Amino acid sequence: MPTLDNESDGNGENRQKEGSKKTYFVRIHAPWEVLTRHAEISQVRMPIKSPAVPVPAQGVLQKVTACLERLLDPFRLPEEVEARFKPKKFTCPFNRERETMFDIKEPASFFRPHVRSRIAYSILLRNKFGHGATEFGIAKALALGMYDGAYPLHDGDYDDKAIDNDRKVLYHHWARFSCFLRYQPVDLIRDYFGSKIGFYFAWLGFYTWMLFPAAILGLVVFIYGIVTMWWENQVSDEICNDYFNLTMCPLCDKFCGYWSLGESCQSAMASHLFDNPATVFFAIFMSLWSTMFLELWKRRRHALQYLWDLQTFRQEEERPRPQFEAQVRHTKRNWITQEDEPWLPFIYRIPRYMLSAVLVLFAIALAVGAVFGVIMYRVSVQASLALNRNELIATNANLVTTATAATINLTIILLLNMIYSHIAEYLTELEQPRTETEFDDSFTFKMFLLQFVNYYSAIFYIAFFKGRLIGRPGKYVYTLGYRQEECSPSGCLVELCMQLGITMAGSQLVANNLREIFLPKILVWLNFRWLIQAMAGKSEEERKKTGLSRWELDYLHVDIGPRGLFFEYLEMVIQFGFVSLFVAAFPLAPLLALINNILEIRLDAQKFVCSLRRPMVGRAADIGVWYYILEAISTISVCTNAFVIAFTSEFIPRLVYTRVYSPDGSLNGYLNFSLSYFEVEDFSEKNTPRNPLHLGHNVTFCRYRDLREPPWAEDPYEYSNAFWHVLAARLAFVVVFQNITFLLTRFLDLLIPDTSYDLQDAIKMEEQLVSRAILDFELQRTKQRQRHNRFRRQQTAPPDEDEEHSPTTPATPDHHVDSWEANLHKRVSGISPSRSQGFGQGRGQGRGQVSGASSDYESTV
């Protein structure tokens, strides 16, 4: 198997490992001539010798900013770590003719590891191994089983005390949990793993940093609910007061009896923790926060593109996937390359797409069916617990049912996740995408759609459907012979919070993190066990003598696979949905996400540094399609939070009551307002409880949660005027909330430019100074050529005494060159950036301030 050598020198070497099967390693090294030639062809930007940069005077704002940045010193990386990648140097496309203008101190370290690996891998992708038209490239060789793997070598052991390398630095200053308060060395991560992985960790760190204000405010809202629960919770006081101890209608047919409203006292007290006026403002804040997060990430992305020389990034031409070439029999001439390439006609794609759509719909129906099964569980268990003679169990029947149902739903989610992964991959292979990018886009769409339904279907049911279409006493709505479940008199918000909390904590904090911790270590341990068994015939001395080489040690690590970052992104995007979609019902979601991400960053870092093979360097200028998915979730979250506040919480009915129906403008009497009357004689035989004397007295009227006319009205049990007033207020609130939030988010979008002014100045300064450096180099080379030509003419021409007094002397061209050079310098020097005063001093001053400012966006974990 090929292993890409990242060392600056070394010879190709084959090594044989003994055992039941023989494994051969081919170590590939790219010499200086190959690196320079392909760097010039690929227009790789490399650092040049730093030109002189004007030192601007610092204004008051710059001085204040510098003082504030000192407060962040405890969170910064040590100076010896930052010295590995700061400050950024000016770069331009590499050119072998202008090699002397580049900052080549040592050829061995001029090309960084990710550049060398990318160049070597690009050569392997075009290398032919057969006579067929498609028999070329390491990807095709891997697909055919000619090689078991291809990977760059790690720099060395991360725990080696004698050798200092980038892997060791990343482990000690990034992958350990003791570094959770420090910034991530994203520049070194990109330098070691490539820009694709670098952008993932930069985005994850920025997302975690942005969660801090949301988590703090969510905790404040939760504390506000706890504090006000004791003196501003008029509705709960009435429910818990024996004076208002109302008789409620049965929760199920026949087996359930009448029950006292005071039994829901604890549920009513708990609902106030999340159903209070502060949650409305928190929902508006989170809608603006999601927009701020996306807009500021665009600024951070552009800063990283500048620092990582990705402004001119262009996607390289992709070859067809080996699986596509092997299975497709049709060909089509590429009008660009004028070569015949495998091609699948659209008429053959239609049945594949139709079958894929049908199976995706079936998988979605499977998730919805699982939710329906959980609903049936809730209905049956709650009815059985309500009949329990133990008063404690009967009183908390709703709470126990909700907790157990959420746990069962979480287990089903985790099981379906494993099934959906295989289904999505099989369906994507069935569609036969031509390139890896097309495969990834199709796979991403299917997986996100299936995971979205899997994770959020139960939450959407509780938030928007439970207790909405149940009918009324005497005229209930039945599904498959079962009565639909009702919300408690205080609403369904507590159940929604429990469902969100258990699903989010169970899937994110427990299941995913356990998988991140143990799965890579188990796989590495199994590989080492296999190696020990293969060397069982050797003595201890022979084992010490032979040892293991770097490529053998890396081979025992786990391969990240072609979609290694996909599940990492998917996990975080699902979490972003928990944080934004239903945050009005669960203000602690940002805090749980923050705690999870603090662990996630270090667990992922340990996995990449210690347990995984060094992945092939992938180039990327952003996080790809995931940004648009985040943007869609952010837009949907405005609608979901508006409907949660309007229809799931009691905020709007209470507001209508205090403004229209309350005699004194308070919530006194709201409990009686929100419960309707029902005469028990109107029960049908199917609904009449078997034990009507369950409470010890005859019941004439029972109450239920709705706004309907009483039985003595002209239109008994029809919706009352209060119902229509509340419905109109709810719809008006949704419209106003959405429009105000969208206007504010669009205003923020226009207010925050995608590229900061300092970064724009830095880009302009670099372009001008690099152009000046190239012109200076060309001028010097032109002058040298002219002097050399003049010297050759003087050596070959016969001496002439009058030649030096001739008006056309050889000095004239030099005079013109010097004059033109002086004019050029004058013209270039006269062009100065309009905002150059925003940059720091010293080496690389043109972007020193940008590097310093960008660290504010880096993760503090």
# chains A, B, ... in the order shown; residues from 1 in each chain; ligands from 1

call {"tool": "residues_around", "arguments": {"residues": "stretch 671-687 of chain A", "least_positions_apart": "5", "cutoff": "8 Å", "atoms": "only C-alpha atoms", "output": "PyMOL selection string"}}
result
chain A and resi 235+238-239+252-254+473-474+699-711+717

call {"tool": "residues_around", "arguments": {"residues": "A:Phe180", "least_positions_apart": "4", "cutoff": "12 Å", "atoms": "only C-alpha atoms", "output": "list of chain:residue names"}}
result
A:Pro74, A:Phe75, A:Arg76, A:Leu77, A:His172, A:His173, A:Trp174, A:Ala175, A:Arg176, A:Gln184, A:Gly205, A:Thr208, A:Trp209, A:Leu594, A:Ile595, A:Asn597, A:Ile598, A:Leu599, A:Glu600, A:Ile601, A:Arg602, A:Leu603, A:Ala605, A:Ser859, A:Thr860, A:Val861

call {"tool": "write_last_selection", "arguments": {"atoms": "N, CA and C atoms", "output": "short mmCIF file (atom, residue, chain, number, x, y, z; two decimals), in the first residue's frame"}}
result
data_model
loop_
_atom_site.label_atom_id
_atom_site.label_comp_id
_atom_site.auth_asym_id
_atom_site.auth_seq_id
_atom_site.Cartn_x
_atom_site.Cartn_y
_atom_site.Cartn_z
N PRO A 74 -4.88 34.94 28.85
CA PRO A 74 -4.91 33.60 29.48
C PRO A 74 -5.46 32.50 28.56
N PHE A 75 -6.22 32.89 27.53
CA PHE A 75 -6.80 31.90 26.64
C PHE A 75 -5.97 31.67 25.38
N ARG A 76 -4.92 32.41 25.20
CA ARG A 76 -4.12 32.29 24.00
C ARG A 76 -3.16 31.10 24.11
N LEU A 77 -2.69 30.68 22.95
CA LEU A 77 -1.71 29.61 22.90
C LEU A 77 -0.34 30.14 23.30
N HIS A 172 -0.34 18.16 22.69
CA HIS A 172 -0.14 18.80 23.99
C HIS A 172 -0.89 20.12 24.11
N HIS A 173 -1.16 20.79 23.01
CA HIS A 173 -1.78 22.11 23.07
C HIS A 173 -3.17 22.16 22.43
N TRP A 174 -3.69 21.00 22.06
CA TRP A 174 -5.02 20.99 21.43
C TRP A 174 -5.85 19.79 21.83
N ALA A 175 -5.28 18.60 21.81
CA ALA A 175 -6.07 17.38 21.98
C ALA A 175 -6.31 17.01 23.44
N ARG A 176 -5.63 17.61 24.37
CA ARG A 176 -5.82 17.26 25.78
C ARG A 176 -6.95 18.08 26.39
N GLN A 184 -8.06 27.20 19.76
CA GLN A 184 -7.57 26.11 18.93
C GLN A 184 -6.47 26.62 17.98
N GLY A 205 -15.19 25.45 16.46
CA GLY A 205 -14.73 26.35 17.52
C GLY A 205 -15.49 27.66 17.53
N THR A 208 -18.97 27.05 18.91
CA THR A 208 -18.91 26.89 20.37
C THR A 208 -18.72 28.24 21.04
N TRP A 209 -17.85 29.07 20.48
CA TRP A 209 -17.64 30.40 21.05
C TRP A 209 -18.92 31.22 21.01
N LEU A 594 -23.32 23.75 24.53
CA LEU A 594 -22.00 24.27 24.87
C LEU A 594 -21.17 23.22 25.60
N ILE A 595 -21.78 22.56 26.59
CA ILE A 595 -21.05 21.53 27.33
C ILE A 595 -20.65 20.39 26.40
N ASN A 597 -20.12 20.54 23.15
CA ASN A 597 -19.10 20.94 22.18
C ASN A 597 -17.73 21.09 22.81
N ILE A 598 -17.69 21.48 24.09
CA ILE A 598 -16.40 21.54 24.78
C ILE A 598 -15.77 20.15 24.80
N LEU A 599 -16.59 19.14 25.04
CA LEU A 599 -16.08 17.77 25.00
C LEU A 599 -15.83 17.31 23.57
N GLU A 600 -16.70 17.71 22.66
CA GLU A 600 -16.61 17.25 21.27
C GLU A 600 -15.31 17.69 20.61
N ILE A 601 -14.90 18.93 20.84
CA ILE A 601 -13.68 19.42 20.20
C ILE A 601 -12.48 18.61 20.64
N ARG A 602 -12.35 18.36 21.93
CA ARG A 602 -11.18 17.63 22.42
C ARG A 602 -11.25 16.15 22.04
N LEU A 603 -12.46 15.58 22.02
CA LEU A 603 -12.57 14.18 21.61
C LEU A 603 -12.23 14.01 20.13
N ALA A 605 -10.30 16.00 18.45
CA ALA A 605 -8.87 16.25 18.34
C ALA A 605 -8.07 15.01 18.71
N SER A 859 -12.05 29.46 18.71
CA SER A 859 -12.71 28.84 19.86
C SER A 859 -11.87 29.01 21.11
N THR A 860 -12.49 29.26 22.19
CA THR A 860 -11.80 29.34 23.48
C THR A 860 -11.82 28.01 24.19
N VAL A 861 -12.11 26.95 23.48
CA VAL A 861 -12.15 25.62 24.09
C VAL A 861 -11.17 24.73 23.37
#

call {"tool": "select_by_dssp", "arguments": {"residues": "stretch 120-178 of chain A", "states": "helix (DSSP H, G or I)", "output": "ChimeraX atom specification"}}
result
/A:120-126,138-143,166-175,177-178

call {"tool": "write_last_selection", "arguments": {"atoms": "N, CA, C and O atoms", "output": "compact mmCIF listing (two decimals), in the first residue's frame"}}
result
# COMPACT_ATOMS: atom_id res chain seq x y z
N ALA A 120 1.82 15.16 -4.03
CA ALA A 120 2.08 13.73 -4.23
C ALA A 120 0.80 12.98 -4.55
O ALA A 120 0.77 12.11 -5.44
N TYR A 121 -0.29 13.32 -3.88
CA TYR A 121 -1.55 12.61 -4.12
C TYR A 121 -2.11 12.97 -5.49
O TYR A 121 -2.70 12.11 -6.18
N SER A 122 -1.95 14.22 -5.93
CA SER A 122 -2.43 14.60 -7.26
C SER A 122 -1.68 13.84 -8.35
O SER A 122 -2.26 13.51 -9.39
N ILE A 123 -0.40 13.55 -8.12
CA ILE A 123 0.36 12.75 -9.09
C ILE A 123 -0.15 11.32 -9.10
O ILE A 123 -0.33 10.70 -10.16
N LEU A 124 -0.42 10.78 -7.92
CA LEU A 124 -0.93 9.40 -7.85
C LEU A 124 -2.30 9.28 -8.50
O LEU A 124 -2.64 8.22 -9.05
N LEU A 125 -3.11 10.33 -8.45
CA LEU A 125 -4.43 10.28 -9.07
C LEU A 125 -4.35 10.17 -10.59
O LEU A 125 -5.31 9.70 -11.22
N ARG A 126 -3.23 10.61 -11.19
CA ARG A 126 -3.10 10.57 -12.65
C ARG A 126 -2.16 9.48 -13.13
O ARG A 126 -1.91 9.36 -14.33
N ILE A 138 -4.78 6.34 -8.10
CA ILE A 138 -4.75 5.56 -6.88
C ILE A 138 -6.16 5.25 -6.40
O ILE A 138 -6.40 4.21 -5.78
N ALA A 139 -7.13 6.15 -6.69
CA ALA A 139 -8.50 5.88 -6.26
C ALA A 139 -9.06 4.64 -6.95
O ALA A 139 -9.74 3.82 -6.33
N LYS A 140 -8.75 4.50 -8.24
CA LYS A 140 -9.22 3.32 -8.96
C LYS A 140 -8.49 2.06 -8.46
O LYS A 140 -9.10 0.99 -8.32
N ALA A 141 -7.20 2.19 -8.16
CA ALA A 141 -6.46 1.04 -7.63
C ALA A 141 -7.00 0.60 -6.28
O ALA A 141 -7.09 -0.60 -6.00
N LEU A 142 -7.40 1.53 -5.44
CA LEU A 142 -7.99 1.19 -4.15
C LEU A 142 -9.35 0.51 -4.34
O LEU A 142 -9.69 -0.45 -3.63
N ALA A 143 -10.14 1.03 -5.28
CA ALA A 143 -11.46 0.45 -5.52
C ALA A 143 -11.35 -0.98 -6.06
O ALA A 143 -12.20 -1.82 -5.76
N ASP A 166 5.03 18.52 14.74
CA ASP A 166 3.71 19.15 14.75
C ASP A 166 2.67 18.28 15.42
O ASP A 166 1.75 18.78 16.08
N ARG A 167 2.77 16.97 15.27
CA ARG A 167 1.80 16.08 15.89
C ARG A 167 1.89 16.16 17.41
O ARG A 167 0.86 16.18 18.10
N LYS A 168 3.08 16.24 17.93
CA LYS A 168 3.26 16.36 19.37
C LYS A 168 2.71 17.69 19.87
O LYS A 168 2.07 17.77 20.94
N VAL A 169 2.96 18.76 19.11
CA VAL A 169 2.44 20.07 19.50
C VAL A 169 0.92 20.08 19.51
O VAL A 169 0.28 20.61 20.42
N LEU A 170 0.31 19.47 18.49
CA LEU A 170 -1.15 19.40 18.44
C LEU A 170 -1.70 18.60 19.61
O LEU A 170 -2.76 18.95 20.16
N TYR A 171 -1.03 17.55 19.99
CA TYR A 171 -1.53 16.74 21.10
C TYR A 171 -1.46 17.51 22.43
O TYR A 171 -2.43 17.51 23.20
N HIS A 172 -0.34 18.16 22.69
CA HIS A 172 -0.14 18.80 23.99
C HIS A 172 -0.89 20.12 24.11
O HIS A 172 -1.21 20.54 25.23
N HIS A 173 -1.16 20.79 23.01
CA HIS A 173 -1.78 22.11 23.07
C HIS A 173 -3.17 22.16 22.43
O HIS A 173 -3.73 23.24 22.30
N TRP A 174 -3.69 21.00 22.06
CA TRP A 174 -5.02 20.99 21.43
C TRP A 174 -5.85 19.79 21.83
O TRP A 174 -7.04 19.92 22.17
N ALA A 175 -5.28 18.60 21.81
CA ALA A 175 -6.07 17.38 21.98
C ALA A 175 -6.31 17.01 23.44
O ALA A 175 -7.13 16.13 23.70
N PHE A 177 -7.66 17.48 27.34
CA PHE A 177 -8.80 18.17 27.96
C PHE A 177 -8.35 19.34 28.82
O PHE A 177 -9.15 20.24 29.11
N SER A 178 -7.11 19.35 29.25
CA SER A 178 -6.62 20.47 30.05
C SER A 178 -6.52 21.75 29.23
O SER A 178 -6.33 22.83 29.80

call {"tool": "select_by_dssp", "arguments": {"residues": "stretch 199-402 of chain A", "states": "strand (DSSP E)", "output": "JSON, numbers by chain"}}
result
{"A": [247, 248, 259, 260, 331, 332, 333, 340, 341, 342]}

call {"tool": "atom_distance", "arguments": {"atom1": "atom CA of A:Gly669", "atom2": "atom CA of A:Tyr657"}}
result
9.2 Å

call {"tool": "residues_around", "arguments": {"residues": "stretch 109-119 of chain A", "least_positions_apart": "3", "cutoff": "10 Å", "atoms": "only C-alpha atoms", "output": "ChimeraX atom specification"}}
result
/A:4-8,29-32,34-39,42,44-47,102-106,122-125,151-155,166,190-195,615-619

call {"tool": "atom_distance", "arguments": {"atom1": "atom CA of A:Met269", "atom2": "atom CA of A:Met498"}}
result
14.5 Å

call {"tool": "closest_residue", "arguments": {"among": "A:Gln327, A:Thr479, A:Gln266, A:Asn513", "to": "A:Leu399", "atoms": "only C-alpha atoms"}}
result
A:Gln266

call {"tool": "residues_around", "arguments": {"residues": "A:Ala463", "least_positions_apart": "3", "cutoff": "10 Å", "atoms": "only C-alpha atoms", "output": "MDAnalysis selection string"}}
result
chainID A and resid 457:460 466:468 492:493 495:497 582 585 640 643:645 647:649

call {"tool": "closest_residue", "arguments": {"among": "A:Glu97, A:Glu425, A:Glu568, A:Asp275", "to": "A:Leu204", "atoms": "only C-alpha atoms"}}
result
A:Glu568

call {"tool": "closest_residue", "arguments": {"among": "A:Phe201, A:Phe791, A:Trp525, A:Phe293", "to": "A:Ser634", "atoms": "only C-alpha atoms"}}
result
A:Phe293

call {"tool": "residues_around", "arguments": {"residues": "A:Gln575", "least_positions_apart": "6", "cutoff": "10 Å", "atoms": "only C-alpha atoms", "output": "PyMOL selection string"}}
result
chain A and resi 504+507-508+569+581+589-590+592-593+596-597

call {"tool": "closest_residue", "arguments": {"among": "A:Phe85, A:Ser267, A:Glu325, A:Ile364", "to": "A:Phe136", "atoms": "only C-alpha atoms"}}
result
A:Glu325

call {"tool": "decode", "arguments": {"residues": "stretch 682-709 of chain A", "atoms": "N, CA, C and O atoms", "output": "PDB file, in the first residue's frame"}}
result
ATOM      1  N   ASP A 682     -74.285  13.816  29.627  1.00  0.00           N
ATOM      2  CA  ASP A 682     -74.127  13.802  28.171  1.00  0.00           C
ATOM      3  C   ASP A 682     -73.075  12.802  27.715  1.00  0.00           C
ATOM      4  O   ASP A 682     -72.825  12.677  26.505  1.00  0.00           O
ATOM      5  N   PHE A 683     -72.430  12.100  28.642  1.00  0.00           N
ATOM      6  CA  PHE A 683     -71.473  11.060  28.256  1.00  0.00           C
ATOM      7  C   PHE A 683     -72.210   9.911  27.577  1.00  0.00           C
ATOM      8  O   PHE A 683     -73.307   9.514  28.001  1.00  0.00           O
ATOM      9  N   SER A 684     -71.597   9.366  26.565  1.00  0.00           N
ATOM     10  CA  SER A 684     -72.146   8.147  25.963  1.00  0.00           C
ATOM     11  C   SER A 684     -71.738   6.953  26.827  1.00  0.00           C
ATOM     12  O   SER A 684     -70.913   7.058  27.736  1.00  0.00           O
ATOM     13  N   GLU A 685     -72.312   5.806  26.528  1.00  0.00           N
ATOM     14  CA  GLU A 685     -71.990   4.619  27.310  1.00  0.00           C
ATOM     15  C   GLU A 685     -70.513   4.259  27.192  1.00  0.00           C
ATOM     16  O   GLU A 685     -69.901   3.747  28.128  1.00  0.00           O
ATOM     17  N   LYS A 686     -69.923   4.566  26.046  1.00  0.00           N
ATOM     18  CA  LYS A 686     -68.514   4.248  25.812  1.00  0.00           C
ATOM     19  C   LYS A 686     -67.597   5.107  26.665  1.00  0.00           C
ATOM     20  O   LYS A 686     -66.517   4.678  27.070  1.00  0.00           O
ATOM     21  N   ASN A 687     -68.033   6.346  26.966  1.00  0.00           N
ATOM     22  CA  ASN A 687     -67.185   7.277  27.707  1.00  0.00           C
ATOM     23  C   ASN A 687     -67.440   7.270  29.205  1.00  0.00           C
ATOM     24  O   ASN A 687     -66.599   7.783  29.965  1.00  0.00           O
ATOM     25  N   THR A 688     -68.557   6.765  29.669  1.00  0.00           N
ATOM     26  CA  THR A 688     -68.901   6.832  31.082  1.00  0.00           C
ATOM     27  C   THR A 688     -67.933   5.998  31.911  1.00  0.00           C
ATOM     28  O   THR A 688     -67.694   4.824  31.611  1.00  0.00           O
ATOM     29  N   PRO A 689     -67.335   6.583  32.947  1.00  0.00           N
ATOM     30  CA  PRO A 689     -66.388   5.818  33.782  1.00  0.00           C
ATOM     31  C   PRO A 689     -67.099   4.736  34.570  1.00  0.00           C
ATOM     32  O   PRO A 689     -68.262   4.881  34.975  1.00  0.00           O
ATOM     33  N   ARG A 690     -66.401   3.620  34.783  1.00  0.00           N
ATOM     34  CA  ARG A 690     -66.976   2.509  35.530  1.00  0.00           C
ATOM     35  C   ARG A 690     -67.137   2.839  36.999  1.00  0.00           C
ATOM     36  O   ARG A 690     -68.013   2.315  37.678  1.00  0.00           O
ATOM     37  N   ASN A 691     -66.272   3.674  37.514  1.00  0.00           N
ATOM     38  CA  ASN A 691     -66.322   4.038  38.929  1.00  0.00           C
ATOM     39  C   ASN A 691     -66.562   5.538  39.038  1.00  0.00           C
ATOM     40  O   ASN A 691     -65.633   6.316  39.239  1.00  0.00           O
ATOM     41  N   PRO A 692     -67.806   5.974  38.890  1.00  0.00           N
ATOM     42  CA  PRO A 692     -68.079   7.426  38.936  1.00  0.00           C
ATOM     43  C   PRO A 692     -67.890   8.025  40.312  1.00  0.00           C
ATOM     44  O   PRO A 692     -67.816   9.247  40.446  1.00  0.00           O
ATOM     45  N   LEU A 693     -67.830   7.182  41.368  1.00  0.00           N
ATOM     46  CA  LEU A 693     -67.647   7.691  42.729  1.00  0.00           C
ATOM     47  C   LEU A 693     -66.181   7.595  43.161  1.00  0.00           C
ATOM     48  O   LEU A 693     -65.887   7.414  44.339  1.00  0.00           O
ATOM     49  N   HIS A 694     -65.276   7.694  42.208  1.00  0.00           N
ATOM     50  CA  HIS A 694     -63.849   7.574  42.507  1.00  0.00           C
ATOM     51  C   HIS A 694     -63.391   8.644  43.502  1.00  0.00           C
ATOM     52  O   HIS A 694     -62.556   8.381  44.382  1.00  0.00           O
ATOM     53  N   LEU A 695     -63.960   9.839  43.424  1.00  0.00           N
ATOM     54  CA  LEU A 695     -63.585  10.926  44.326  1.00  0.00           C
ATOM     55  C   LEU A 695     -64.397  10.912  45.623  1.00  0.00           C
ATOM     56  O   LEU A 695     -64.197  11.761  46.483  1.00  0.00           O
ATOM     57  N   GLY A 696     -65.341   9.981  45.745  1.00  0.00           N
ATOM     58  CA  GLY A 696     -66.123   9.878  46.971  1.00  0.00           C
ATOM     59  C   GLY A 696     -67.389  10.683  46.967  1.00  0.00           C
ATOM     60  O   GLY A 696     -68.047  10.802  47.998  1.00  0.00           O
ATOM     61  N   HIS A 697     -67.770  11.249  45.841  1.00  0.00           N
ATOM     62  CA  HIS A 697     -69.009  12.029  45.767  1.00  0.00           C
ATOM     63  C   HIS A 697     -69.515  11.983  44.332  1.00  0.00           C
ATOM     64  O   HIS A 697     -68.778  11.687  43.387  1.00  0.00           O
ATOM     65  N   ASN A 698     -70.803  12.290  44.180  1.00  0.00           N
ATOM     66  CA  ASN A 698     -71.396  12.339  42.855  1.00  0.00           C
ATOM     67  C   ASN A 698     -70.883  13.560  42.097  1.00  0.00           C
ATOM     68  O   ASN A 698     -70.663  14.636  42.673  1.00  0.00           O
ATOM     69  N   VAL A 699     -70.698  13.374  40.804  1.00  0.00           N
ATOM     70  CA  VAL A 699     -70.196  14.453  39.946  1.00  0.00           C
ATOM     71  C   VAL A 699     -71.290  14.821  38.959  1.00  0.00           C
ATOM     72  O   VAL A 699     -71.816  13.953  38.248  1.00  0.00           O
ATOM     73  N   THR A 700     -71.650  16.090  38.947  1.00  0.00           N
ATOM     74  CA  THR A 700     -72.665  16.583  38.006  1.00  0.00           C
ATOM     75  C   THR A 700     -72.015  17.228  36.791  1.00  0.00           C
ATOM     76  O   THR A 700     -72.413  16.982  35.653  1.00  0.00           O
ATOM     77  N   PHE A 701     -71.010  18.057  37.058  1.00  0.00           N
ATOM     78  CA  PHE A 701     -70.271  18.719  35.985  1.00  0.00           C
ATOM     79  C   PHE A 701     -68.779  18.426  36.160  1.00  0.00           C
ATOM     80  O   PHE A 701     -68.277  18.393  37.291  1.00  0.00           O
ATOM     81  N   CYS A 702     -68.104  18.204  35.051  1.00  0.00           N
ATOM     82  CA  CYS A 702     -66.645  18.083  35.070  1.00  0.00           C
ATOM     83  C   CYS A 702     -66.061  19.130  34.135  1.00  0.00           C
ATOM     84  O   CYS A 702     -66.747  19.647  33.243  1.00  0.00           O
ATOM     85  N   ARG A 703     -64.815  19.441  34.350  1.00  0.00           N
ATOM     86  CA  ARG A 703     -64.154  20.503  33.573  1.00  0.00           C
ATOM     87  C   ARG A 703     -63.127  19.873  32.624  1.00  0.00           C
ATOM     88  O   ARG A 703     -62.545  18.817  32.901  1.00  0.00           O
ATOM     89  N   TYR A 704     -62.902  20.517  31.513  1.00  0.00           N
ATOM     90  CA  TYR A 704     -61.889  20.071  30.547  1.00  0.00           C
ATOM     91  C   TYR A 704     -61.227  21.295  29.923  1.00  0.00           C
ATOM     92  O   TYR A 704     -61.788  22.399  29.925  1.00  0.00           O
ATOM     93  N   ARG A 705     -60.044  21.097  29.361  1.00  0.00           N
ATOM     94  CA  ARG A 705     -59.217  22.210  28.874  1.00  0.00           C
ATOM     95  C   ARG A 705     -59.649  22.594  27.462  1.00  0.00           C
ATOM     96  O   ARG A 705     -59.277  21.961  26.481  1.00  0.00           O
ATOM     97  N   ASP A 706     -60.459  23.643  27.387  1.00  0.00           N
ATOM     98  CA  ASP A 706     -60.903  24.157  26.091  1.00  0.00           C
ATOM     99  C   ASP A 706     -61.699  25.432  26.343  1.00  0.00           C
ATOM    100  O   ASP A 706     -62.054  25.740  27.499  1.00  0.00           O
ATOM    101  N   LEU A 707     -61.971  26.153  25.262  1.00  0.00           N
ATOM    102  CA  LEU A 707     -62.783  27.373  25.345  1.00  0.00           C
ATOM    103  C   LEU A 707     -64.065  27.123  24.571  1.00  0.00           C
ATOM    104  O   LEU A 707     -64.192  27.445  23.387  1.00  0.00           O
ATOM    105  N   ARG A 708     -65.051  26.508  25.240  1.00  0.00           N
ATOM    106  CA  ARG A 708     -66.334  26.168  24.629  1.00  0.00           C
ATOM    107  C   ARG A 708     -67.484  26.683  25.503  1.00  0.00           C
ATOM    108  O   ARG A 708     -67.299  26.990  26.688  1.00  0.00           O
ATOM    109  N   GLU A 709     -68.644  26.746  24.886  1.00  0.00           N
ATOM    110  CA  GLU A 709     -69.839  27.191  25.600  1.00  0.00           C
ATOM    111  C   GLU A 709     -70.250  26.130  26.626  1.00  0.00           C
ATOM    112  O   GLU A 709     -70.059  24.923  26.398  1.00  0.00           O
TER     113      GLU A 709
END
